[in-house]
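Structure data follow from model02.cif (mmCIF, N, CA and C atoms):
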```cif
data_final
#
loop_
_atom_site.label_atom_id
_atom_site.label_comp_id
_atom_site.auth_asym_id
_atom_site.auth_seq_id
_atom_site.Cartn_x
_atom_site.Cartn_y
_atom_site.Cartn_z
N MET A 1 1.04 -15.64 3.54
CA MET A 1 2.17 -16.45 3.12
C MET A 1 3.45 -15.86 3.72
N SER A 2 4.26 -16.68 4.28
CA SER A 2 5.51 -16.25 4.89
C SER A 2 6.52 -15.83 3.83
N LYS A 3 7.34 -14.87 4.21
CA LYS A 3 8.38 -14.43 3.29
C LYS A 3 9.58 -15.36 3.37
N VAL A 4 9.99 -15.83 2.22
CA VAL A 4 11.19 -16.67 2.16
C VAL A 4 12.10 -16.20 1.03
N ASP A 5 11.94 -14.94 0.64
CA ASP A 5 12.74 -14.43 -0.47
C ASP A 5 14.22 -14.31 -0.11
N TRP A 6 14.55 -14.47 1.14
CA TRP A 6 15.95 -14.42 1.55
C TRP A 6 16.64 -15.76 1.28
N ILE A 7 15.87 -16.80 1.00
CA ILE A 7 16.44 -18.13 0.76
C ILE A 7 16.85 -18.27 -0.70
N THR A 8 18.09 -18.67 -0.91
CA THR A 8 18.60 -18.96 -2.25
C THR A 8 19.32 -20.31 -2.18
N TRP A 9 19.82 -20.75 -3.30
CA TRP A 9 20.55 -22.01 -3.32
C TRP A 9 21.79 -21.94 -2.44
N LYS A 10 22.26 -20.73 -2.15
CA LYS A 10 23.45 -20.55 -1.32
C LYS A 10 23.14 -20.65 0.18
N THR A 11 21.89 -20.62 0.55
CA THR A 11 21.49 -20.62 1.96
C THR A 11 21.97 -21.89 2.65
N ASN A 12 22.59 -21.70 3.79
CA ASN A 12 23.05 -22.81 4.61
C ASN A 12 21.82 -23.49 5.22
N PRO A 13 21.69 -24.79 5.11
CA PRO A 13 20.54 -25.49 5.69
C PRO A 13 20.35 -25.22 7.19
N GLU A 14 21.44 -24.86 7.88
CA GLU A 14 21.35 -24.56 9.31
C GLU A 14 20.57 -23.27 9.58
N GLU A 15 20.37 -22.46 8.53
CA GLU A 15 19.65 -21.20 8.70
C GLU A 15 18.13 -21.39 8.68
N ILE A 16 17.69 -22.56 8.27
CA ILE A 16 16.25 -22.83 8.26
C ILE A 16 15.75 -22.89 9.69
N ILE A 17 14.56 -22.36 9.89
CA ILE A 17 13.98 -22.30 11.23
C ILE A 17 13.96 -23.68 11.87
N LYS A 18 14.22 -23.72 13.16
CA LYS A 18 14.27 -24.98 13.90
C LYS A 18 13.13 -24.97 14.93
N PRO A 19 11.99 -25.54 14.54
CA PRO A 19 10.84 -25.53 15.45
C PRO A 19 11.12 -26.15 16.81
N ASN A 20 11.89 -27.22 16.83
CA ASN A 20 12.12 -27.91 18.11
C ASN A 20 12.83 -27.01 19.13
N SER A 21 13.84 -26.27 18.68
CA SER A 21 14.56 -25.44 19.64
C SER A 21 13.69 -24.28 20.10
N LEU A 22 12.87 -23.73 19.20
CA LEU A 22 11.97 -22.66 19.61
C LEU A 22 10.86 -23.18 20.51
N GLU A 23 10.36 -24.36 20.21
CA GLU A 23 9.33 -24.97 21.07
C GLU A 23 9.90 -25.22 22.46
N ASP A 24 11.15 -25.65 22.53
CA ASP A 24 11.78 -25.89 23.82
C ASP A 24 11.90 -24.59 24.62
N LYS A 25 12.26 -23.50 23.94
CA LYS A 25 12.37 -22.20 24.62
C LYS A 25 11.02 -21.75 25.14
N ILE A 26 9.99 -21.91 24.32
CA ILE A 26 8.64 -21.52 24.74
C ILE A 26 8.20 -22.36 25.93
N THR A 27 8.46 -23.66 25.87
CA THR A 27 8.09 -24.55 26.97
C THR A 27 8.84 -24.19 28.24
N ASP A 28 10.12 -23.87 28.12
CA ASP A 28 10.91 -23.47 29.29
C ASP A 28 10.34 -22.22 29.94
N GLU A 29 10.01 -21.22 29.11
CA GLU A 29 9.46 -19.97 29.65
C GLU A 29 8.10 -20.22 30.30
N TYR A 30 7.29 -21.04 29.67
CA TYR A 30 5.98 -21.37 30.24
C TYR A 30 6.16 -22.10 31.58
N ASN A 31 7.10 -23.02 31.63
CA ASN A 31 7.35 -23.75 32.87
C ASN A 31 7.86 -22.81 33.96
N ASN A 32 8.69 -21.83 33.59
CA ASN A 32 9.15 -20.84 34.57
C ASN A 32 7.96 -20.06 35.13
N TYR A 33 7.08 -19.64 34.26
CA TYR A 33 5.87 -18.92 34.68
C TYR A 33 5.04 -19.80 35.61
N SER A 34 4.77 -21.03 35.18
CA SER A 34 3.91 -21.93 35.95
C SER A 34 4.53 -22.29 37.30
N SER A 35 5.83 -22.49 37.32
CA SER A 35 6.48 -22.89 38.57
C SER A 35 6.47 -21.76 39.59
N TYR A 36 6.30 -20.54 39.14
CA TYR A 36 6.16 -19.43 40.08
C TYR A 36 4.68 -19.16 40.39
N MET A 37 3.88 -19.07 39.33
CA MET A 37 2.49 -18.65 39.47
C MET A 37 1.68 -19.63 40.32
N TYR A 38 1.76 -20.90 40.04
CA TYR A 38 0.86 -21.84 40.70
C TYR A 38 1.21 -22.10 42.16
N PRO A 39 2.46 -22.43 42.50
CA PRO A 39 2.68 -22.69 43.93
C PRO A 39 2.70 -21.41 44.77
N ASN A 40 3.14 -20.30 44.19
CA ASN A 40 3.31 -19.08 44.98
C ASN A 40 2.07 -18.21 45.04
N ILE A 41 1.37 -18.08 43.97
CA ILE A 41 0.24 -17.15 43.94
C ILE A 41 -1.08 -17.90 43.94
N TYR A 42 -1.28 -18.72 42.94
CA TYR A 42 -2.56 -19.41 42.77
C TYR A 42 -2.93 -20.22 44.01
N GLU A 43 -2.02 -21.05 44.47
CA GLU A 43 -2.32 -21.93 45.62
C GLU A 43 -2.52 -21.13 46.90
N ASN A 44 -1.77 -20.05 47.09
CA ASN A 44 -1.97 -19.22 48.28
C ASN A 44 -3.35 -18.58 48.28
N ILE A 45 -3.75 -18.03 47.16
CA ILE A 45 -5.08 -17.42 47.07
C ILE A 45 -6.15 -18.50 47.24
N ARG A 46 -5.97 -19.62 46.59
CA ARG A 46 -6.94 -20.73 46.68
C ARG A 46 -7.11 -21.19 48.13
N ASN A 47 -5.99 -21.34 48.84
CA ASN A 47 -6.06 -21.74 50.25
C ASN A 47 -6.80 -20.71 51.09
N GLU A 48 -6.57 -19.45 50.81
CA GLU A 48 -7.28 -18.39 51.53
C GLU A 48 -8.78 -18.43 51.23
N VAL A 49 -9.14 -18.72 49.99
CA VAL A 49 -10.56 -18.80 49.62
C VAL A 49 -11.21 -20.00 50.31
N LEU A 50 -10.51 -21.11 50.35
CA LEU A 50 -11.09 -22.33 50.91
C LEU A 50 -11.03 -22.39 52.44
N ASN A 51 -9.95 -21.86 53.03
CA ASN A 51 -9.71 -22.07 54.46
C ASN A 51 -9.81 -20.81 55.32
N GLY A 52 -10.23 -19.72 54.75
CA GLY A 52 -10.37 -18.52 55.57
C GLY A 52 -9.58 -17.37 55.01
N GLY A 53 -9.84 -16.22 55.53
CA GLY A 53 -9.16 -15.02 55.05
C GLY A 53 -9.88 -14.40 53.87
N LEU A 54 -10.12 -15.19 52.85
CA LEU A 54 -10.84 -14.71 51.67
C LEU A 54 -12.07 -15.58 51.39
N ASP A 55 -12.54 -16.29 52.40
CA ASP A 55 -13.72 -17.12 52.19
C ASP A 55 -14.98 -16.23 52.19
N LYS A 56 -16.14 -16.84 52.06
CA LYS A 56 -17.39 -16.08 51.94
C LYS A 56 -17.73 -15.30 53.20
N GLN A 57 -17.17 -15.68 54.34
CA GLN A 57 -17.46 -14.96 55.59
C GLN A 57 -16.56 -13.74 55.79
N SER A 58 -15.52 -13.63 55.01
CA SER A 58 -14.62 -12.50 55.19
C SER A 58 -15.25 -11.23 54.62
N LEU A 59 -15.22 -10.19 55.40
CA LEU A 59 -15.76 -8.89 55.01
C LEU A 59 -17.11 -9.05 54.32
N ASN A 60 -18.04 -9.65 55.04
CA ASN A 60 -19.37 -9.92 54.50
C ASN A 60 -20.24 -8.69 54.70
N ILE A 61 -20.71 -8.13 53.59
CA ILE A 61 -21.56 -6.93 53.62
C ILE A 61 -22.89 -7.28 52.97
N LEU A 62 -23.92 -7.33 53.79
CA LEU A 62 -25.27 -7.64 53.32
C LEU A 62 -25.29 -8.95 52.51
N GLY A 63 -24.58 -9.94 53.00
CA GLY A 63 -24.57 -11.24 52.35
C GLY A 63 -23.61 -11.35 51.18
N GLU A 64 -22.91 -10.30 50.91
CA GLU A 64 -21.93 -10.31 49.81
C GLU A 64 -20.53 -10.22 50.41
N SER A 65 -19.61 -10.91 49.77
CA SER A 65 -18.22 -10.87 50.21
C SER A 65 -17.33 -10.42 49.04
N PRO A 66 -17.10 -9.11 48.95
CA PRO A 66 -16.30 -8.61 47.82
C PRO A 66 -14.89 -9.21 47.77
N ALA A 67 -14.28 -9.45 48.93
CA ALA A 67 -12.93 -10.03 48.94
C ALA A 67 -12.94 -11.43 48.36
N ASN A 68 -13.95 -12.21 48.71
CA ASN A 68 -14.08 -13.57 48.19
C ASN A 68 -14.31 -13.53 46.68
N GLU A 69 -15.20 -12.65 46.24
CA GLU A 69 -15.49 -12.54 44.80
C GLU A 69 -14.25 -12.12 44.01
N MET A 70 -13.51 -11.17 44.56
CA MET A 70 -12.29 -10.72 43.87
C MET A 70 -11.26 -11.85 43.82
N ALA A 71 -11.12 -12.58 44.90
CA ALA A 71 -10.15 -13.69 44.93
C ALA A 71 -10.54 -14.76 43.91
N ILE A 72 -11.82 -15.08 43.84
CA ILE A 72 -12.27 -16.07 42.86
C ILE A 72 -12.05 -15.56 41.44
N ASN A 73 -12.29 -14.27 41.21
CA ASN A 73 -12.02 -13.69 39.88
C ASN A 73 -10.54 -13.78 39.53
N ILE A 74 -9.68 -13.55 40.50
CA ILE A 74 -8.24 -13.66 40.26
C ILE A 74 -7.88 -15.09 39.88
N LEU A 75 -8.43 -16.05 40.62
CA LEU A 75 -8.16 -17.46 40.30
C LEU A 75 -8.66 -17.81 38.90
N ASN A 76 -9.85 -17.33 38.56
CA ASN A 76 -10.39 -17.57 37.21
C ASN A 76 -9.53 -16.92 36.14
N ASN A 77 -9.03 -15.72 36.42
CA ASN A 77 -8.16 -15.04 35.45
C ASN A 77 -6.84 -15.79 35.25
N ILE A 78 -6.31 -16.31 36.35
CA ILE A 78 -5.07 -17.10 36.23
C ILE A 78 -5.32 -18.34 35.39
N ASP A 79 -6.46 -19.01 35.62
CA ASP A 79 -6.80 -20.18 34.81
C ASP A 79 -6.99 -19.80 33.34
N GLU A 80 -7.60 -18.65 33.10
CA GLU A 80 -7.80 -18.18 31.72
C GLU A 80 -6.47 -17.87 31.05
N ILE A 81 -5.56 -17.25 31.80
CA ILE A 81 -4.23 -16.96 31.26
C ILE A 81 -3.52 -18.26 30.89
N LYS A 82 -3.65 -19.26 31.75
CA LYS A 82 -3.03 -20.56 31.47
C LYS A 82 -3.59 -21.14 30.17
N SER A 83 -4.89 -21.07 30.00
CA SER A 83 -5.53 -21.59 28.79
C SER A 83 -5.08 -20.82 27.56
N ILE A 84 -5.00 -19.51 27.67
CA ILE A 84 -4.55 -18.67 26.54
C ILE A 84 -3.12 -19.02 26.17
N ILE A 85 -2.26 -19.16 27.15
CA ILE A 85 -0.85 -19.49 26.87
C ILE A 85 -0.75 -20.85 26.21
N GLU A 86 -1.52 -21.82 26.68
CA GLU A 86 -1.47 -23.16 26.07
C GLU A 86 -1.96 -23.11 24.62
N ASN A 87 -3.00 -22.33 24.35
CA ASN A 87 -3.47 -22.17 22.97
C ASN A 87 -2.43 -21.47 22.11
N LEU A 88 -1.77 -20.46 22.67
CA LEU A 88 -0.71 -19.77 21.94
C LEU A 88 0.44 -20.71 21.62
N LYS A 89 0.82 -21.54 22.59
CA LYS A 89 1.89 -22.51 22.35
C LYS A 89 1.52 -23.42 21.18
N THR A 90 0.29 -23.89 21.16
CA THR A 90 -0.16 -24.78 20.08
C THR A 90 -0.11 -24.05 18.74
N GLN A 91 -0.62 -22.82 18.70
CA GLN A 91 -0.61 -22.06 17.46
C GLN A 91 0.80 -21.76 16.99
N ILE A 92 1.67 -21.39 17.92
CA ILE A 92 3.07 -21.09 17.57
C ILE A 92 3.74 -22.33 17.01
N ASN A 93 3.53 -23.48 17.64
CA ASN A 93 4.13 -24.72 17.16
C ASN A 93 3.66 -25.06 15.76
N GLU A 94 2.37 -24.87 15.49
CA GLU A 94 1.84 -25.12 14.15
C GLU A 94 2.46 -24.17 13.13
N GLU A 95 2.57 -22.89 13.50
CA GLU A 95 3.17 -21.90 12.60
C GLU A 95 4.65 -22.20 12.35
N LEU A 96 5.35 -22.62 13.39
CA LEU A 96 6.77 -22.96 13.22
C LEU A 96 6.94 -24.13 12.25
N ASP A 97 6.12 -25.15 12.41
CA ASP A 97 6.20 -26.29 11.50
C ASP A 97 5.88 -25.88 10.07
N GLU A 98 4.87 -25.04 9.92
CA GLU A 98 4.50 -24.57 8.58
C GLU A 98 5.63 -23.74 7.97
N GLN A 99 6.22 -22.85 8.78
CA GLN A 99 7.31 -22.00 8.29
C GLN A 99 8.50 -22.85 7.88
N LYS A 100 8.83 -23.86 8.68
CA LYS A 100 9.94 -24.73 8.33
C LYS A 100 9.68 -25.40 6.99
N GLY A 101 8.46 -25.88 6.79
CA GLY A 101 8.11 -26.53 5.52
C GLY A 101 8.25 -25.58 4.34
N ILE A 102 7.82 -24.35 4.52
CA ILE A 102 7.93 -23.35 3.45
C ILE A 102 9.39 -23.07 3.14
N GLU A 103 10.20 -22.87 4.18
CA GLU A 103 11.62 -22.58 3.98
C GLU A 103 12.33 -23.77 3.34
N LYS A 104 12.01 -24.96 3.79
CA LYS A 104 12.64 -26.17 3.25
C LYS A 104 12.28 -26.33 1.77
N THR A 105 11.02 -26.15 1.44
CA THR A 105 10.58 -26.26 0.05
C THR A 105 11.27 -25.24 -0.83
N GLN A 106 11.39 -24.02 -0.34
CA GLN A 106 12.05 -22.96 -1.10
C GLN A 106 13.51 -23.32 -1.37
N LEU A 107 14.18 -23.79 -0.35
CA LEU A 107 15.59 -24.15 -0.51
C LEU A 107 15.75 -25.34 -1.46
N ILE A 108 14.88 -26.33 -1.35
CA ILE A 108 14.93 -27.49 -2.25
C ILE A 108 14.73 -27.03 -3.69
N ASN A 109 13.72 -26.19 -3.91
CA ASN A 109 13.45 -25.69 -5.27
C ASN A 109 14.63 -24.92 -5.83
N ASP A 110 15.23 -24.07 -5.01
CA ASP A 110 16.37 -23.28 -5.48
C ASP A 110 17.59 -24.17 -5.78
N LEU A 111 17.81 -25.18 -4.95
CA LEU A 111 18.93 -26.10 -5.21
C LEU A 111 18.68 -26.91 -6.48
N GLU A 112 17.46 -27.37 -6.66
CA GLU A 112 17.15 -28.13 -7.89
C GLU A 112 17.32 -27.25 -9.13
N ASP A 113 16.90 -25.99 -9.05
CA ASP A 113 17.09 -25.07 -10.17
C ASP A 113 18.56 -24.84 -10.46
N LYS A 114 19.35 -24.69 -9.41
CA LYS A 114 20.79 -24.47 -9.59
C LYS A 114 21.46 -25.71 -10.19
N ILE A 115 21.04 -26.89 -9.78
CA ILE A 115 21.59 -28.13 -10.34
C ILE A 115 21.29 -28.19 -11.84
N LEU A 116 20.06 -27.88 -12.21
CA LEU A 116 19.69 -27.87 -13.64
C LEU A 116 20.50 -26.84 -14.40
N GLU A 117 20.70 -25.70 -13.80
CA GLU A 117 21.50 -24.63 -14.43
C GLU A 117 22.94 -25.09 -14.64
N GLU A 118 23.51 -25.75 -13.65
CA GLU A 118 24.88 -26.23 -13.76
C GLU A 118 24.99 -27.38 -14.78
N LYS A 119 23.96 -28.22 -14.83
CA LYS A 119 23.98 -29.31 -15.82
C LYS A 119 23.92 -28.76 -17.24
N ALA A 120 23.25 -27.65 -17.42
CA ALA A 120 23.14 -27.04 -18.75
C ALA A 120 24.49 -26.55 -19.24
N VAL A 121 25.32 -26.08 -18.32
CA VAL A 121 26.66 -25.61 -18.68
C VAL A 121 27.58 -26.79 -18.93
N SER A 122 27.47 -27.82 -18.13
CA SER A 122 28.14 -29.10 -18.28
C SER A 122 29.61 -29.02 -18.69
N THR A 123 30.43 -28.71 -17.71
CA THR A 123 31.89 -28.76 -17.91
C THR A 123 32.45 -29.72 -16.86
N SER A 124 33.72 -30.01 -16.97
CA SER A 124 34.33 -30.95 -16.02
C SER A 124 34.31 -30.37 -14.60
N GLU A 125 34.42 -29.06 -14.46
CA GLU A 125 34.37 -28.42 -13.15
C GLU A 125 32.97 -28.53 -12.55
N ASN A 126 31.99 -28.54 -13.40
CA ASN A 126 30.60 -28.55 -12.93
C ASN A 126 30.22 -29.85 -12.25
N PHE A 127 30.85 -30.96 -12.62
CA PHE A 127 30.51 -32.23 -11.99
C PHE A 127 30.73 -32.17 -10.48
N SER A 128 31.81 -31.55 -10.08
CA SER A 128 32.09 -31.39 -8.65
C SER A 128 31.05 -30.48 -7.99
N ILE A 129 30.74 -29.38 -8.67
CA ILE A 129 29.74 -28.45 -8.15
C ILE A 129 28.38 -29.13 -8.05
N ILE A 130 28.02 -29.86 -9.11
CA ILE A 130 26.73 -30.54 -9.13
C ILE A 130 26.64 -31.57 -8.01
N ASN A 131 27.72 -32.31 -7.80
CA ASN A 131 27.73 -33.32 -6.72
C ASN A 131 27.58 -32.67 -5.35
N LYS A 132 28.24 -31.54 -5.14
CA LYS A 132 28.11 -30.83 -3.87
C LYS A 132 26.69 -30.31 -3.69
N LEU A 133 26.12 -29.80 -4.76
CA LEU A 133 24.74 -29.31 -4.70
C LEU A 133 23.78 -30.45 -4.40
N LYS A 134 24.02 -31.60 -5.00
CA LYS A 134 23.15 -32.76 -4.76
C LYS A 134 23.27 -33.23 -3.30
N GLU A 135 24.48 -33.20 -2.77
CA GLU A 135 24.68 -33.57 -1.36
C GLU A 135 23.89 -32.63 -0.46
N ARG A 136 23.99 -31.35 -0.76
CA ARG A 136 23.28 -30.34 0.03
C ARG A 136 21.78 -30.54 -0.08
N LEU A 137 21.33 -30.86 -1.29
CA LEU A 137 19.91 -31.10 -1.53
C LEU A 137 19.42 -32.27 -0.68
N GLU A 138 20.18 -33.34 -0.64
CA GLU A 138 19.80 -34.50 0.18
C GLU A 138 19.79 -34.14 1.65
N GLN A 139 20.74 -33.32 2.07
CA GLN A 139 20.79 -32.88 3.47
C GLN A 139 19.53 -32.07 3.82
N VAL A 140 19.13 -31.20 2.93
CA VAL A 140 17.94 -30.37 3.18
C VAL A 140 16.69 -31.23 3.21
N LYS A 141 16.60 -32.22 2.36
CA LYS A 141 15.41 -33.09 2.33
C LYS A 141 15.22 -33.86 3.63
N THR A 142 16.32 -34.08 4.36
CA THR A 142 16.21 -34.82 5.62
C THR A 142 15.82 -33.94 6.80
N LEU A 143 15.78 -32.64 6.59
CA LEU A 143 15.42 -31.73 7.71
C LEU A 143 14.00 -31.92 8.14
#
```

Take the structure in the file and write it out as structure tokens.
Amino acid sequence: MSKVDWITWKTNPEEIIKPNSLEDKITDEYNNYSSYMYPNIYENIRNEVLNGGLDKQSLNILGESPANEMAINILNNIDEIKSIIENLKTQINEELDEQKGIEKTQLINDLEDKILEEKAVSTSENFSIINKLKERLEQVKTL
């Protein structure tokens, strides 16, 4: 269970985690990685494997081509890294959404408790406070 003990009725709704902005950052970093890795490294090695240099005939020792095998392993590792990163992105996005829900629920509960507390005191000053708290509560519910 995520810690949300830092959230109170005083917490600004803007402090709640924003999955979309974090997802965008993760996607940007992944795109930076992919835009370098695939055209610069992966495709160059792949071309060498397919068209010479690192094909099966390169450095052939007793029917084995260690350079070709290593190049294919590198390509497989790059593909595996891509798969791992994509799985991590999915898991992170799910965790971010869950965390946002937990934080939102905590803030809603704390605001509702504070509204009840203020209603119990019930003075003319409290009506203004209660209305502000209710506005904030509605704002949080829309997050």

Residues matched by the PyMOL selection byres (((chain A and resi 8 and name CA) around 10) and name CA), written as an NGL selection string = :A and (4-7 or 9-12 or 106-111 or 114)

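Reported to one decimal place, the separation of atom CA of A:Leu143 from atom CA of A:Lys119 is 25.2 Å.
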
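Nearest residue to A:Leu133 among A:Glu112, A:Glu103, A:Asp55, A:Asp79 is A:Glu112, counting only C-alpha atoms.
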
| request: Per DSSP on the backbone, filter chain A down to the residues in alpha helix (DSSP H) and report them as an MDAnalysis selection string. | output: chainID A and resid 19:36 43:51 66:121 124:141

Original post:
So how many Å separate atom C of A:Val140 and atom CA of A:Lys104, to one decimal?
Top reply: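 If I compute the distance from atom C of A:Val140 to atom CA of A:Lys104, I get 6.5 Å.
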
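When atom N of A:Glu69 is paired with atom N of A:Leu50, their separation reads 10.5 Å.
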
Would you kindly return, as number ranges by chain, each protein, DNA or RNA residue with an atom no farther than 8 Å from any atom of stretch 15-23 of chain A, considering all atoms listed in the file and excluding same-chain residues fewer than 5 positions away?
A: 28-29, 89, 92-93, 95-97, 99-101, 103-104
